[in-house]
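A short worksheet on the structure shown next.
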Amino acid sequence: AQNPQIMLFDEPFTGLDPIAMDNIANLIREQTDGLNAASIVVSHDIHETFAICDYVYIMHQSGIVAQGSPDALKRSVCASLHSRARRAP
């Protein structure tokens, strides 16, 4: 399609070195913004995905276990880890 409304990227960072990962991440973000489209990025590379996404769904065993902006999820994980550390013996 010339002007897609949605683009799907399935594991776009697999097997790439860090420089190539950064380049691909930037290309995904530029294409998404340039076409005014939505992108769905399926990836195990959290750092790169968080850097280019506006909203994230984290799945585990076929279910959504967390969702939100990358910043909100980072804060949530940090708070959870801090809470667990305080309860540790």
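Please note that chains go A, B, ... in the order of the structure tokens, that every chain numbers its residues from 1, and that ligands are numbered from 1 in the order shown.
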query: Which residues come within 10 Å of A:Ala37, counting only C-alpha atoms, excluding same-chain residues fewer than 3 positions away, as a list in words?
result: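 The residues that qualify are Asn3, Pro4, Gln5, Ile6, Met7, Gln31, Thr32, Asp33 and Gly34 of chain A.
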- request: Apply DSSP to the structure's backbone, then extract all residues of stretch 3-81 of chain A labelled strand (DSSP E) and return them as a ChimeraX atom specification.
  value: /A:6-10,38-42,56-60,63-68
Could those selected residues go to a file with all heavy atoms, as a short mmCIF file (atom, residue, chain, number, x, y, z; two decimals), in the first residue's frame?
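Writing the result to again.cif gives the following:
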data_model
loop_
_atom_site.label_atom_id
_atom_site.label_comp_id
_atom_site.auth_asym_id
_atom_site.auth_seq_id
_atom_site.Cartn_x
_atom_site.Cartn_y
_atom_site.Cartn_z
N ILE A 6 -1.55 1.24 9.12
CA ILE A 6 -0.89 0.44 10.15
C ILE A 6 0.26 -0.33 9.51
O ILE A 6 0.10 -0.91 8.42
CB ILE A 6 -1.87 -0.57 10.79
CG1 ILE A 6 -3.03 0.17 11.45
CG2 ILE A 6 -1.15 -1.46 11.80
CD1 ILE A 6 -4.12 -0.75 11.96
N MET A 7 1.39 -0.34 10.20
CA MET A 7 2.54 -1.13 9.75
C MET A 7 2.89 -2.11 10.86
O MET A 7 2.85 -1.76 12.04
CB MET A 7 3.74 -0.23 9.45
CG MET A 7 3.49 0.72 8.28
SD MET A 7 4.92 1.73 7.88
CE MET A 7 4.93 2.85 9.28
N LEU A 8 3.23 -3.34 10.49
CA LEU A 8 3.58 -4.38 11.46
C LEU A 8 5.05 -4.73 11.28
O LEU A 8 5.51 -5.01 10.17
CB LEU A 8 2.72 -5.62 11.24
CG LEU A 8 3.08 -6.84 12.10
CD1 LEU A 8 2.88 -6.54 13.58
CD2 LEU A 8 2.24 -8.03 11.67
N PHE A 9 5.78 -4.71 12.39
CA PHE A 9 7.19 -5.08 12.40
C PHE A 9 7.34 -6.24 13.37
O PHE A 9 7.15 -6.09 14.58
CB PHE A 9 8.06 -3.90 12.84
CG PHE A 9 7.97 -2.71 11.94
CD1 PHE A 9 7.05 -1.70 12.19
CD2 PHE A 9 8.79 -2.60 10.82
CE1 PHE A 9 6.96 -0.60 11.36
CE2 PHE A 9 8.69 -1.50 9.98
CZ PHE A 9 7.78 -0.50 10.25
N ASP A 10 7.66 -7.42 12.85
CA ASP A 10 7.80 -8.61 13.66
C ASP A 10 9.28 -8.89 13.91
O ASP A 10 10.01 -9.28 13.01
CB ASP A 10 7.14 -9.79 12.96
CG ASP A 10 7.07 -11.04 13.82
OD1 ASP A 10 7.32 -10.95 15.04
OD2 ASP A 10 6.77 -12.11 13.26
N ALA A 38 0.14 4.13 12.26
CA ALA A 38 0.40 3.43 13.51
C ALA A 38 1.31 2.25 13.20
O ALA A 38 1.22 1.65 12.12
CB ALA A 38 -0.91 2.92 14.10
N SER A 39 2.19 1.94 14.10
CA SER A 39 3.07 0.79 13.95
C SER A 39 2.88 -0.16 15.11
O SER A 39 2.77 0.27 16.26
CB SER A 39 4.55 1.22 13.90
OG SER A 39 4.84 1.86 12.70
N ILE A 40 2.86 -1.43 14.79
CA ILE A 40 2.85 -2.47 15.80
C ILE A 40 4.21 -3.14 15.71
O ILE A 40 4.60 -3.65 14.65
CB ILE A 40 1.72 -3.49 15.56
CG1 ILE A 40 0.37 -2.78 15.64
CG2 ILE A 40 1.82 -4.64 16.55
CD1 ILE A 40 -0.80 -3.63 15.20
N VAL A 41 4.96 -3.08 16.82
CA VAL A 41 6.30 -3.66 16.86
C VAL A 41 6.28 -4.82 17.84
O VAL A 41 6.04 -4.63 19.03
CB VAL A 41 7.35 -2.61 17.29
CG1 VAL A 41 8.74 -3.23 17.33
CG2 VAL A 41 7.33 -1.40 16.37
N VAL A 42 6.51 -6.02 17.33
CA VAL A 42 6.62 -7.21 18.16
C VAL A 42 8.10 -7.45 18.37
O VAL A 42 8.84 -7.64 17.42
CB VAL A 42 5.97 -8.43 17.48
CG1 VAL A 42 6.13 -9.68 18.32
CG2 VAL A 42 4.51 -8.16 17.16
N VAL A 56 2.86 0.89 24.99
CA VAL A 56 3.41 -0.46 25.00
C VAL A 56 2.44 -1.42 25.68
O VAL A 56 1.82 -1.08 26.69
CB VAL A 56 4.77 -0.49 25.77
CG1 VAL A 56 5.32 -1.89 25.86
CG2 VAL A 56 5.76 0.46 25.13
N TYR A 57 2.33 -2.61 25.11
CA TYR A 57 1.63 -3.72 25.76
C TYR A 57 2.68 -4.79 26.01
O TYR A 57 3.39 -5.18 25.09
CB TYR A 57 0.54 -4.31 24.85
CG TYR A 57 -0.63 -3.39 24.63
CD1 TYR A 57 -0.65 -2.53 23.54
CD2 TYR A 57 -1.71 -3.39 25.51
CE1 TYR A 57 -1.72 -1.68 23.34
CE2 TYR A 57 -2.78 -2.54 25.30
CZ TYR A 57 -2.78 -1.69 24.21
OH TYR A 57 -3.84 -0.85 24.02
N ILE A 58 2.78 -5.27 27.23
CA ILE A 58 3.70 -6.36 27.55
C ILE A 58 2.85 -7.61 27.75
O ILE A 58 1.91 -7.62 28.55
CB ILE A 58 4.53 -6.04 28.80
CG1 ILE A 58 5.40 -4.81 28.53
CG2 ILE A 58 5.38 -7.26 29.19
CD1 ILE A 58 6.21 -4.34 29.71
N MET A 59 3.20 -8.66 27.01
CA MET A 59 2.44 -9.90 27.05
C MET A 59 3.26 -11.02 27.66
O MET A 59 4.48 -11.06 27.51
CB MET A 59 1.99 -10.27 25.64
CG MET A 59 1.09 -9.23 25.01
SD MET A 59 0.47 -9.73 23.41
CE MET A 59 -0.65 -11.03 23.91
N HIS A 60 2.55 -11.92 28.33
CA HIS A 60 3.16 -13.12 28.88
C HIS A 60 2.13 -14.23 28.85
O HIS A 60 0.99 -14.03 29.32
CB HIS A 60 3.64 -12.87 30.31
CG HIS A 60 4.28 -14.06 30.96
ND1 HIS A 60 5.47 -14.58 30.52
CD2 HIS A 60 3.88 -14.82 32.00
CE1 HIS A 60 5.79 -15.61 31.27
NE2 HIS A 60 4.83 -15.79 32.17
N GLY A 63 -1.36 -13.35 27.38
CA GLY A 63 -2.17 -12.32 28.01
C GLY A 63 -1.38 -11.05 28.22
O GLY A 63 -0.15 -11.06 28.29
N ILE A 64 -2.09 -9.94 28.31
CA ILE A 64 -1.46 -8.65 28.57
C ILE A 64 -1.23 -8.54 30.08
O ILE A 64 -2.18 -8.64 30.86
CB ILE A 64 -2.34 -7.49 28.06
CG1 ILE A 64 -2.48 -7.57 26.54
CG2 ILE A 64 -1.76 -6.15 28.48
CD1 ILE A 64 -3.50 -6.64 25.96
N VAL A 65 0.03 -8.34 30.47
CA VAL A 65 0.36 -8.24 31.89
C VAL A 65 0.67 -6.80 32.31
O VAL A 65 0.69 -6.49 33.50
CB VAL A 65 1.53 -9.17 32.28
CG1 VAL A 65 1.12 -10.63 32.10
CG2 VAL A 65 2.78 -8.86 31.49
N ALA A 66 0.94 -5.94 31.34
CA ALA A 66 1.19 -4.52 31.63
C ALA A 66 0.96 -3.73 30.36
O ALA A 66 1.12 -4.23 29.25
CB ALA A 66 2.61 -4.31 32.13
N GLN A 67 0.58 -2.47 30.55
CA GLN A 67 0.42 -1.57 29.41
C GLN A 67 0.57 -0.14 29.86
O GLN A 67 0.35 0.18 31.02
CB GLN A 67 -0.94 -1.78 28.74
CG GLN A 67 -2.12 -1.48 29.63
CD GLN A 67 -3.44 -1.71 28.91
OE1 GLN A 67 -3.63 -1.22 27.81
NE2 GLN A 67 -4.32 -2.47 29.53
N GLY A 68 1.00 0.70 28.94
CA GLY A 68 1.16 2.11 29.25
C GLY A 68 2.27 2.72 28.42
O GLY A 68 2.84 2.08 27.54
#
- request: Rank A:Ser76, A:Arg29, A:Ile24, A:Asn36 by their smallest atom-to-atom distance to A:Cys53, using only C-alpha atoms, and report the top residue only.
  value: A:Arg29
query: What does the distance between atom CA of A:Ala72 and atom CA of A:Asp45 come to in Å, to one decimal place?
result: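 So the two atoms, atom CA of A:Ala72 and atom CA of A:Asp45, lie 17.7 Å apart.
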- request: Point out the residue among A:Tyr55, A:Ser69, A:Val77, A:His47 with the least atom-to-atom distance to A:Met21, counting only C-alpha atoms.
  value: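 Between A:Tyr55, A:Ser69, A:Val77, A:His47, the residue approaching A:Met21 most closely is A:His47.
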task: Just the alpha helix (DSSP H) stuff from chain A, please, per backbone DSSP, written as JSON, numbers by chain.
output: {"A": [18, 19, 20, 21, 22, 23, 24, 25, 26, 27, 28, 29, 30, 31, 32, 33, 34, 46, 47, 48, 49, 50, 51, 52, 70, 71, 72, 73, 74, 75, 76, 77, 78, 79, 80, 81, 82, 83, 84, 85, 86, 87]}
field: All residues 12 Å or closer to A:Asp22, only C-alpha atoms, same chain fewer than 2 positions away omitted, as JSON, numbers by chain
entry: {"A": [12, 13, 16, 17, 18, 19, 20, 24, 25, 26, 27, 28, 29, 45, 47, 48, 49, 50, 51, 52]}
